[in-house]
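One file, query.json, carrying JSON, C-alpha atoms:
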```json
[["chain", "number", "residue", "atom", "x", "y", "z"],
["N", 14, "MET", "CA", -113.05, 45.96, -67.41],
["N", 15, "LYS", "CA", -112.11, 49.38, -66.08],
["N", 16, "ASP", "CA", -108.51, 50.13, -65.22],
["N", 17, "PHE", "CA", -107.58, 49.27, -61.63],
["N", 18, "ASP", "CA", -106.60, 52.86, -60.83],
["N", 19, "GLU", "CA", -110.09, 54.02, -61.85],
["N", 20, "VAL", "CA", -111.82, 51.40, -59.69],
["N", 21, "LEU", "CA", -109.53, 51.59, -56.62],
["N", 22, "PRO", "CA", -111.31, 54.59, -55.02],
["N", 23, "PHE", "CA", -114.64, 52.77, -55.41],
["N", 24, "ILE", "CA", -113.24, 49.56, -53.88],
["N", 25, "LEU", "CA", -111.77, 51.47, -50.93],
["N", 26, "ARG", "CA", -115.23, 52.98, -50.20],
["N", 27, "LEU", "CA", -116.68, 49.50, -49.67],
["N", 28, "SER", "CA", -116.88, 48.68, -45.97],
["N", 29, "LEU", "CA", -115.26, 45.31, -46.65],
["N", 30, "PHE", "CA", -112.05, 47.03, -47.80],
["N", 31, "GLN", "CA", -112.01, 50.18, -45.66],
["N", 32, "ASP", "CA", -109.04, 48.90, -43.64],
["N", 33, "PHE", "CA", -106.91, 49.15, -46.77],
["N", 34, "SER", "CA", -105.18, 52.40, -47.70],
["N", 35, "ARG", "CA", -104.41, 53.95, -51.06],
["N", 36, "ASP", "CA", -101.21, 55.30, -49.45],
["N", 37, "ASN", "CA", -99.92, 51.87, -48.46],
["N", 38, "GLU", "CA", -98.09, 50.21, -51.36],
["N", 39, "ASN", "CA", -98.67, 46.70, -50.01],
["N", 40, "ASP", "CA", -102.41, 47.34, -49.59],
["N", 41, "VAL", "CA", -102.67, 48.61, -53.17],
["N", 42, "ARG", "CA", -100.64, 45.64, -54.44],
["N", 43, "VAL", "CA", -102.94, 43.16, -52.65],
["N", 44, "LEU", "CA", -106.10, 44.89, -53.88],
["N", 45, "ARG", "CA", -104.71, 44.89, -57.43],
["N", 46, "ILE", "CA", -104.20, 41.11, -57.22],
["N", 47, "LEU", "CA", -107.76, 40.73, -55.97],
["N", 48, "TYR", "CA", -109.14, 43.01, -58.70],
["N", 49, "GLU", "CA", -107.31, 41.08, -61.41],
["N", 50, "ASN", "CA", -109.14, 37.92, -60.27],
["N", 51, "PHE", "CA", -112.61, 39.44, -60.52],
["N", 52, "SER", "CA", -114.75, 38.88, -63.59],
["N", 53, "VAL", "CA", -117.14, 41.48, -64.95],
["N", 54, "LYS", "CA", -120.69, 40.22, -65.41],
["N", 55, "HIS", "CA", -123.67, 41.97, -66.94],
["N", 56, "PHE", "CA", -127.27, 41.32, -65.95],
["N", 57, "LYS", "CA", -130.41, 42.52, -67.72],
["N", 58, "THR", "CA", -133.40, 43.96, -65.89],
["N", 59, "LYS", "CA", -135.29, 41.18, -64.02],
["N", 60, "ASP", "CA", -132.35, 38.72, -64.22],
["N", 61, "LEU", "CA", -131.77, 36.80, -61.00],
["N", 62, "ILE", "CA", -128.23, 37.28, -59.76],
["N", 63, "ILE", "CA", -128.73, 35.19, -56.61],
["N", 64, "LYS", "CA", -131.70, 32.95, -55.86],
["N", 65, "GLU", "CA", -132.79, 32.35, -52.28],
["N", 66, "GLY", "CA", -132.16, 28.76, -51.19],
["N", 67, "ASP", "CA", -129.55, 28.03, -53.87],
["N", 68, "TYR", "CA", -126.00, 27.22, -52.87],
["N", 69, "GLY", "CA", -123.47, 29.67, -54.17],
["N", 70, "ASP", "CA", -119.79, 30.41, -53.95],
["N", 71, "LEU", "CA", -119.73, 33.80, -55.66],
["N", 72, "PHE", "CA", -119.19, 37.22, -54.12],
["N", 73, "TYR", "CA", -120.39, 40.32, -56.00],
["N", 74, "ILE", "CA", -119.67, 44.04, -56.06],
["N", 75, "LEU", "CA", -122.30, 46.17, -57.78],
["N", 76, "LEU", "CA", -120.58, 48.64, -60.11],
["N", 77, "ASP", "CA", -123.51, 50.04, -62.10],
["N", 78, "GLY", "CA", -127.26, 49.67, -62.02],
["N", 79, "CYS", "CA", -129.81, 48.89, -59.33],
["N", 80, "ILE", "CA", -130.72, 45.66, -57.56],
["N", 81, "ARG", "CA", -133.75, 44.52, -55.62],
["N", 82, "ILE", "CA", -133.31, 42.16, -52.67],
["N", 83, "TYR", "CA", -136.21, 40.10, -51.42],
["N", 84, "ARG", "CA", -137.00, 36.86, -49.65],
["N", 85, "LYS", "CA", -140.03, 34.66, -49.33],
["N", 86, "THR", "CA", -142.21, 34.08, -46.30],
["N", 87, "PRO", "CA", -142.99, 30.50, -45.24],
["N", 88, "ALA", "CA", -146.27, 30.94, -47.15],
["N", 89, "GLY", "CA", -144.31, 31.83, -50.32],
["N", 90, "ASP", "CA", -145.08, 35.56, -50.44],
["N", 91, "LYS", "CA", -142.31, 37.96, -51.47],
["N", 92, "ILE", "CA", -141.04, 40.45, -48.91],
["N", 93, "ALA", "CA", -138.99, 43.33, -50.32],
["N", 94, "LEU", "CA", -135.88, 43.91, -48.23],
["N", 95, "ALA", "CA", -134.07, 46.63, -50.17],
["N", 96, "ASN", "CA", -133.61, 48.48, -53.43],
["N", 97, "LEU", "CA", -129.97, 49.48, -53.86],
["N", 98, "SER", "CA", -127.84, 51.19, -56.51],
["N", 99, "GLY", "CA", -124.23, 50.87, -57.55],
["N", 100, "ASP", "CA", -123.32, 54.34, -56.31],
["N", 101, "GLN", "CA", -124.07, 53.22, -52.73],
["N", 102, "GLY", "CA", -121.01, 50.94, -52.48],
["N", 103, "ILE", "CA", -122.98, 47.71, -52.54],
["N", 104, "PHE", "CA", -121.60, 44.19, -52.29],
["N", 105, "PHE", "CA", -123.46, 40.95, -51.65],
["N", 106, "GLY", "CA", -122.85, 37.24, -51.35],
["N", 107, "GLU", "CA", -119.96, 37.86, -48.93],
["N", 108, "THR", "CA", -120.88, 34.85, -46.79],
["N", 109, "ALA", "CA", -119.89, 32.67, -49.74],
["N", 110, "LEU", "CA", -116.29, 33.76, -49.17],
["N", 111, "ILE", "CA", -116.18, 31.97, -45.81],
["N", 112, "SER", "CA", -118.59, 29.05, -46.18],
["N", 113, "LYS", "CA", -120.62, 27.09, -48.68],
["N", 114, "ASP", "CA", -123.43, 29.58, -48.79],
["N", 115, "CYS", "CA", -127.12, 28.72, -48.90],
["N", 116, "ARG", "CA", -128.42, 32.03, -50.19],
["N", 117, "SER", "CA", -130.67, 33.75, -47.67],
["N", 118, "ALA", "CA", -132.37, 36.10, -50.14],
["N", 119, "THR", "CA", -132.92, 36.67, -53.83],
["N", 120, "VAL", "CA", -131.03, 39.45, -55.59],
["N", 121, "GLU", "CA", -132.64, 40.60, -58.83],
["N", 122, "ALA", "CA", -131.43, 43.18, -61.32],
["N", 123, "ALA", "CA", -133.91, 46.06, -61.05],
["N", 124, "THR", "CA", -132.15, 47.70, -64.02],
["N", 125, "ASP", "CA", -129.37, 46.54, -66.30],
["N", 126, "CYS", "CA", -126.43, 45.91, -63.96],
["N", 127, "LYS", "CA", -122.70, 45.47, -64.11],
["N", 128, "VAL", "CA", -121.00, 43.59, -61.27],
["N", 129, "LEU", "CA", -117.60, 42.31, -60.32],
["N", 130, "GLU", "CA", -117.71, 38.66, -59.30],
["N", 131, "ILE", "CA", -115.18, 36.33, -57.69],
["N", 132, "SER", "CA", -115.50, 32.73, -56.56],
["N", 133, "SER", "CA", -114.60, 31.65, -53.06],
["N", 134, "LYS", "CA", -112.03, 29.29, -54.58],
["N", 135, "LYS", "CA", -110.19, 32.17, -56.26],
["N", 136, "PHE", "CA", -110.50, 34.32, -53.13],
["N", 137, "HIS", "CA", -109.05, 31.55, -50.93],
["N", 138, "ALA", "CA", -106.18, 30.99, -53.37],
["N", 139, "ILE", "CA", -105.29, 34.70, -53.16],
["N", 140, "CYS", "CA", -105.56, 34.62, -49.36],
["N", 141, "GLU", "CA", -103.13, 31.69, -49.20],
["N", 142, "LYS", "CA", -100.54, 33.95, -50.83],
["N", 143, "GLU", "CA", -101.74, 37.20, -49.24],
["N", 144, "PRO", "CA", -103.00, 36.37, -45.70],
["N", 145, "VAL", "CA", -103.46, 40.05, -44.83],
["N", 146, "LEU", "CA", -106.30, 40.19, -47.37],
["N", 147, "GLY", "CA", -108.06, 37.18, -45.89],
["N", 148, "TYR", "CA", -107.63, 38.35, -42.32],
["N", 149, "ARG", "CA", -108.95, 41.85, -42.93],
["N", 150, "VAL", "CA", -111.87, 40.79, -45.12],
["N", 151, "ILE", "CA", -112.92, 37.91, -42.90],
["N", 152, "MET", "CA", -112.82, 40.18, -39.85],
["N", 153, "LYS", "CA", -115.17, 42.59, -41.67],
["N", 154, "ILE", "CA", -117.49, 39.72, -42.64],
["N", 155, "ALA", "CA", -117.48, 38.51, -39.03],
["N", 156, "GLY", "CA", -118.49, 42.00, -37.93],
["N", 157, "ILE", "CA", -121.31, 42.08, -40.47],
["N", 158, "MET", "CA", -122.53, 38.68, -39.31],
["N", 159, "ALA", "CA", -122.33, 39.69, -35.63],
["N", 160, "ASN", "CA", -124.44, 42.78, -36.35],
["N", 161, "THR", "CA", -126.94, 40.69, -38.30],
["N", 162, "ILE", "CA", -127.28, 38.23, -35.40],
["N", 163, "SER", "CA", -127.71, 41.09, -32.93],
["N", 164, "ASP", "CA", -130.36, 42.73, -35.12],
["N", 165, "CYS", "CA", -132.12, 39.39, -35.55],
["N", 166, "ASN", "CA", -132.16, 38.81, -31.78],
["N", 167, "ASN", "CA", -133.59, 42.29, -31.22],
["N", 168, "ASP", "CA", -136.25, 41.67, -33.89],
["N", 169, "LYS", "CA", -137.17, 38.36, -32.25],
["N", 170, "ALA", "CA", -137.52, 40.05, -28.85],
["N", 171, "ILE", "CA", -139.78, 42.74, -30.32],
["N", 172, "LEU", "CA", -141.93, 40.15, -32.11],
["N", 173, "TYR", "CA", -142.12, 37.99, -28.99],
["N", 174, "GLU", "CA", -143.18, 40.97, -26.89],
["N", 175, "ALA", "CA", -145.79, 42.02, -29.47],
["N", 176, "LEU", "CA", -147.17, 38.47, -29.61],
["N", 177, "PHE", "CA", -147.21, 38.21, -25.81],
["N", 178, "ASN", "CA", -149.01, 41.58, -25.53],
["N", 179, "GLU", "CA", -151.54, 40.50, -28.17],
["N", 180, "ILE", "CA", -152.28, 37.24, -26.33],
["N", 181, "GLU", "CA", -152.50, 39.06, -22.99],
["N", 182, "TYR", "CA", -154.86, 41.64, -24.54],
["N", 183, "GLU", "CA", -157.19, 38.94, -25.91],
["N", 184, "VAL", "CA", -157.45, 37.15, -22.55]]
```

So that I can check it, write out the structure of this file as structure tokens.
Amino acid sequence: MKDFDEVLPFILRLSLFQDFSRDNENDVRVLRILYENFSVKHFKTKDLIIKEGDYGDLFYILLDGCIRIYRKTPAGDKIALANLSGDQGIFFGETALISKDCRSATVEAATDCKVLEISSKKFHAICEKEPVLGYRVIMKIAGIMANTISDCNNDKAILYEALFNEIEYEV
């Protein structure tokens, strides 16, 4: 595993940890504790990191490599959602930090990948001792979820309108 001081700038670029400052000794101390509880995992090309529909309690930060995110339609067809690389500041599985997570999409290694991984149990144990970590991270996750719900509602409205217009056109 890389030295904490090498990884700290990368961690601070992640939106989940942007409220933390390299200039604040307490922030750095808390992030060091978190970092020391991560495990490094390696995945080969085509390995599934997360499988849609499975329950999971792991949160991941992509350090190196590229991932592909997709989900299945009700008919079972794959829909590609994103292709992402480690240099983009990518994390996934964050919902698992706040609830027993039924995975909403599949995350596959598009290339060989290196990730940091932490279980919700370890994260919660750290937050018991360092509540500032839990508060800040959970507020960021809540913001992500609120944006997702808003986007989903907008998408539903667009689809409803398109369907309504299609039915009206056919009549």

May I ask which of the residues N:Glu49, N:Asp77, N:Asp18, N:Asp67 is the closest one to Asp125 in chain N, counting all atoms listed in the file?
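The answer is N:Asp77, which sits nearest to Asp125 in chain N.
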
Have a look at CA of Tyr68 in chain N and CA of Asp114 in chain N and let me know their distance in Å, one decimal.
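For CA of Tyr68 in chain N relative to CA of Asp114 in chain N, the distance reads 5.4 Å.
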
Counting all atoms listed in the file, what is within 12 Å of Gly102 in chain N, bar same-chain residues fewer than 6 positions away, as a list in words?
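Within the cut-off, the hits are Val20, Pro22, Phe23, Ile24, Leu25, Arg26, Leu27, Ser28, Leu29, Phe30, Gln31, Tyr73, Ile74, Leu75, Leu76, Asp77, Gly78, Cys79 and Val128 of chain N.
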
Would you mind exporting the chosen residues as a JSON list (two decimals), in the frame of the given file, restricted to C-alpha atoms?
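Result file is result.json:
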```json
[["chain", "number", "residue", "atom", "x", "y", "z"],
["N", 20, "VAL", "CA", -111.82, 51.40, -59.69],
["N", 22, "PRO", "CA", -111.31, 54.59, -55.02],
["N", 23, "PHE", "CA", -114.64, 52.77, -55.41],
["N", 24, "ILE", "CA", -113.24, 49.56, -53.88],
["N", 25, "LEU", "CA", -111.77, 51.47, -50.93],
["N", 26, "ARG", "CA", -115.23, 52.98, -50.20],
["N", 27, "LEU", "CA", -116.68, 49.50, -49.67],
["N", 28, "SER", "CA", -116.88, 48.68, -45.97],
["N", 29, "LEU", "CA", -115.26, 45.31, -46.65],
["N", 30, "PHE", "CA", -112.05, 47.03, -47.80],
["N", 31, "GLN", "CA", -112.01, 50.18, -45.66],
["N", 73, "TYR", "CA", -120.39, 40.32, -56.00],
["N", 74, "ILE", "CA", -119.67, 44.04, -56.06],
["N", 75, "LEU", "CA", -122.30, 46.17, -57.78],
["N", 76, "LEU", "CA", -120.58, 48.64, -60.11],
["N", 77, "ASP", "CA", -123.51, 50.04, -62.10],
["N", 78, "GLY", "CA", -127.26, 49.67, -62.02],
["N", 79, "CYS", "CA", -129.81, 48.89, -59.33],
["N", 128, "VAL", "CA", -121.00, 43.59, -61.27]]
```

Between N:Asp70, N:Asp60, N:Glu107, N:Asp40, which one has atoms that come closest to Ala122 in chain N, using all atoms listed in the file?
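Counting all atoms listed in the file, the residue closest to Ala122 in chain N is N:Asp60.
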
Using all atoms listed in the file, which residue out of N:Leu110, N:Leu176, N:Ala170, N:Val43 lies closest to Lys135 in chain N?
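Of N:Leu110, N:Leu176, N:Ala170, N:Val43, the one nearest Lys135 in chain N is N:Leu110, counting all atoms listed in the file.
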
Quick one: distance from CA of His137 in chain N to CA of Phe51 in chain N in Å, one decimal?
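These two atoms are separated by 12.9 Å.
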
With all atoms listed in the file as the basis for distance, which of N:Ile111, N:Leu21, N:Leu71, N:Cys126 is at the shortest distance from Gly147 in chain N?
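That would be N:Ile111, the residue with the smallest distance to Gly147 in chain N.
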
For CA of His55 in chain N and CA of Leu129 in chain N, quote the distance in Å rounded to one decimal.
9.0 Å

List the spatial neighbours of Ile82 in chain N as a list in words - criterion: any atom at most 9 Å away, all atoms listed in the file, same-chain residues fewer than 2 positions off excluded.
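Near neighbours after the sequence-gap exclusion: Ile80, Arg84, Ile92, Ala93, Leu94, Ala95, Asn96, Leu97, Ala118, Thr119, Val120, Glu121 and Ala122 of chain N.
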
For a cut-off of 6 Å around (-107.6, 45.0, -45.8), file coordinates, pick out all residues using all atoms listed in the file and list them as a PyMOL selection string.
chain N and resi 30+32-33+146+149

When you count only C-alpha atoms, which of these residues is closest to Thr108 in chain N: N:Val41, N:Ile139, N:Val145, N:Ile151?
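For Thr108 in chain N, the nearest of the given residues is N:Ile151.
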
Incomplete range 154-166 of chain N filled out to N, CA, C and O atoms as a PDB file, keeping the file's coordinate frame:
```pdb
ATOM      1  N   ILE N 154    -116.318  40.594 -42.478  1.00  0.00           N
ATOM      2  CA  ILE N 154    -117.490  39.720 -42.640  1.00  0.00           C
ATOM      3  C   ILE N 154    -117.993  39.257 -41.275  1.00  0.00           C
ATOM      4  O   ILE N 154    -119.198  39.227 -41.025  1.00  0.00           O
ATOM      5  N   ALA N 155    -117.080  38.921 -40.382  1.00  0.00           N
ATOM      6  CA  ALA N 155    -117.480  38.510 -39.030  1.00  0.00           C
ATOM      7  C   ALA N 155    -118.240  39.629 -38.334  1.00  0.00           C
ATOM      8  O   ALA N 155    -119.239  39.392 -37.649  1.00  0.00           O
ATOM      9  N   GLY N 156    -117.791  40.856 -38.507  1.00  0.00           N
ATOM     10  CA  GLY N 156    -118.490  42.000 -37.930  1.00  0.00           C
ATOM     11  C   GLY N 156    -119.878  42.173 -38.507  1.00  0.00           C
ATOM     12  O   GLY N 156    -120.840  42.441 -37.771  1.00  0.00           O
ATOM     13  N   ILE N 157    -119.994  42.003 -39.807  1.00  0.00           N
ATOM     14  CA  ILE N 157    -121.310  42.080 -40.470  1.00  0.00           C
ATOM     15  C   ILE N 157    -122.232  41.008 -39.913  1.00  0.00           C
ATOM     16  O   ILE N 157    -123.387  41.268 -39.584  1.00  0.00           O
ATOM     17  N   MET N 158    -121.717  39.796 -39.798  1.00  0.00           N
ATOM     18  CA  MET N 158    -122.530  38.680 -39.310  1.00  0.00           C
ATOM     19  C   MET N 158    -122.920  38.900 -37.842  1.00  0.00           C
ATOM     20  O   MET N 158    -124.057  38.610 -37.456  1.00  0.00           O
ATOM     21  N   ALA N 159    -122.020  39.421 -37.035  1.00  0.00           N
ATOM     22  CA  ALA N 159    -122.330  39.690 -35.630  1.00  0.00           C
ATOM     23  C   ALA N 159    -123.450  40.730 -35.524  1.00  0.00           C
ATOM     24  O   ALA N 159    -124.375  40.577 -34.718  1.00  0.00           O
ATOM     25  N   ASN N 160    -123.382  41.769 -36.347  1.00  0.00           N
ATOM     26  CA  ASN N 160    -124.440  42.780 -36.350  1.00  0.00           C
ATOM     27  C   ASN N 160    -125.767  42.199 -36.808  1.00  0.00           C
ATOM     28  O   ASN N 160    -126.822  42.528 -36.251  1.00  0.00           O
ATOM     29  N   THR N 161    -125.727  41.327 -37.802  1.00  0.00           N
ATOM     30  CA  THR N 161    -126.940  40.690 -38.300  1.00  0.00           C
ATOM     31  C   THR N 161    -127.578  39.832 -37.206  1.00  0.00           C
ATOM     32  O   THR N 161    -128.796  39.871 -36.999  1.00  0.00           O
ATOM     33  N   ILE N 162    -126.759  39.074 -36.495  1.00  0.00           N
ATOM     34  CA  ILE N 162    -127.280  38.230 -35.400  1.00  0.00           C
ATOM     35  C   ILE N 162    -127.878  39.105 -34.309  1.00  0.00           C
ATOM     36  O   ILE N 162    -128.972  38.822 -33.804  1.00  0.00           O
ATOM     37  N   SER N 163    -127.197  40.180 -33.954  1.00  0.00           N
ATOM     38  CA  SER N 163    -127.710  41.090 -32.930  1.00  0.00           C
ATOM     39  C   SER N 163    -129.041  41.701 -33.357  1.00  0.00           C
ATOM     40  O   SER N 163    -130.003  41.742 -32.577  1.00  0.00           O
ATOM     41  N   ASP N 164    -129.114  42.165 -34.601  1.00  0.00           N
ATOM     42  CA  ASP N 164    -130.360  42.730 -35.120  1.00  0.00           C
ATOM     43  C   ASP N 164    -131.476  41.694 -35.119  1.00  0.00           C
ATOM     44  O   ASP N 164    -132.619  41.994 -34.769  1.00  0.00           O
ATOM     45  N   CYS N 165    -131.142  40.478 -35.515  1.00  0.00           N
ATOM     46  CA  CYS N 165    -132.120  39.390 -35.550  1.00  0.00           C
ATOM     47  C   CYS N 165    -132.644  39.093 -34.143  1.00  0.00           C
ATOM     48  O   CYS N 165    -133.849  38.913 -33.941  1.00  0.00           O
ATOM     49  N   ASN N 166    -131.746  39.049 -33.171  1.00  0.00           N
ATOM     50  CA  ASN N 166    -132.160  38.810 -31.780  1.00  0.00           C
ATOM     51  C   ASN N 166    -133.065  39.924 -31.278  1.00  0.00           C
ATOM     52  O   ASN N 166    -134.058  39.664 -30.594  1.00  0.00           O
TER      53      ASN N 166
END
```
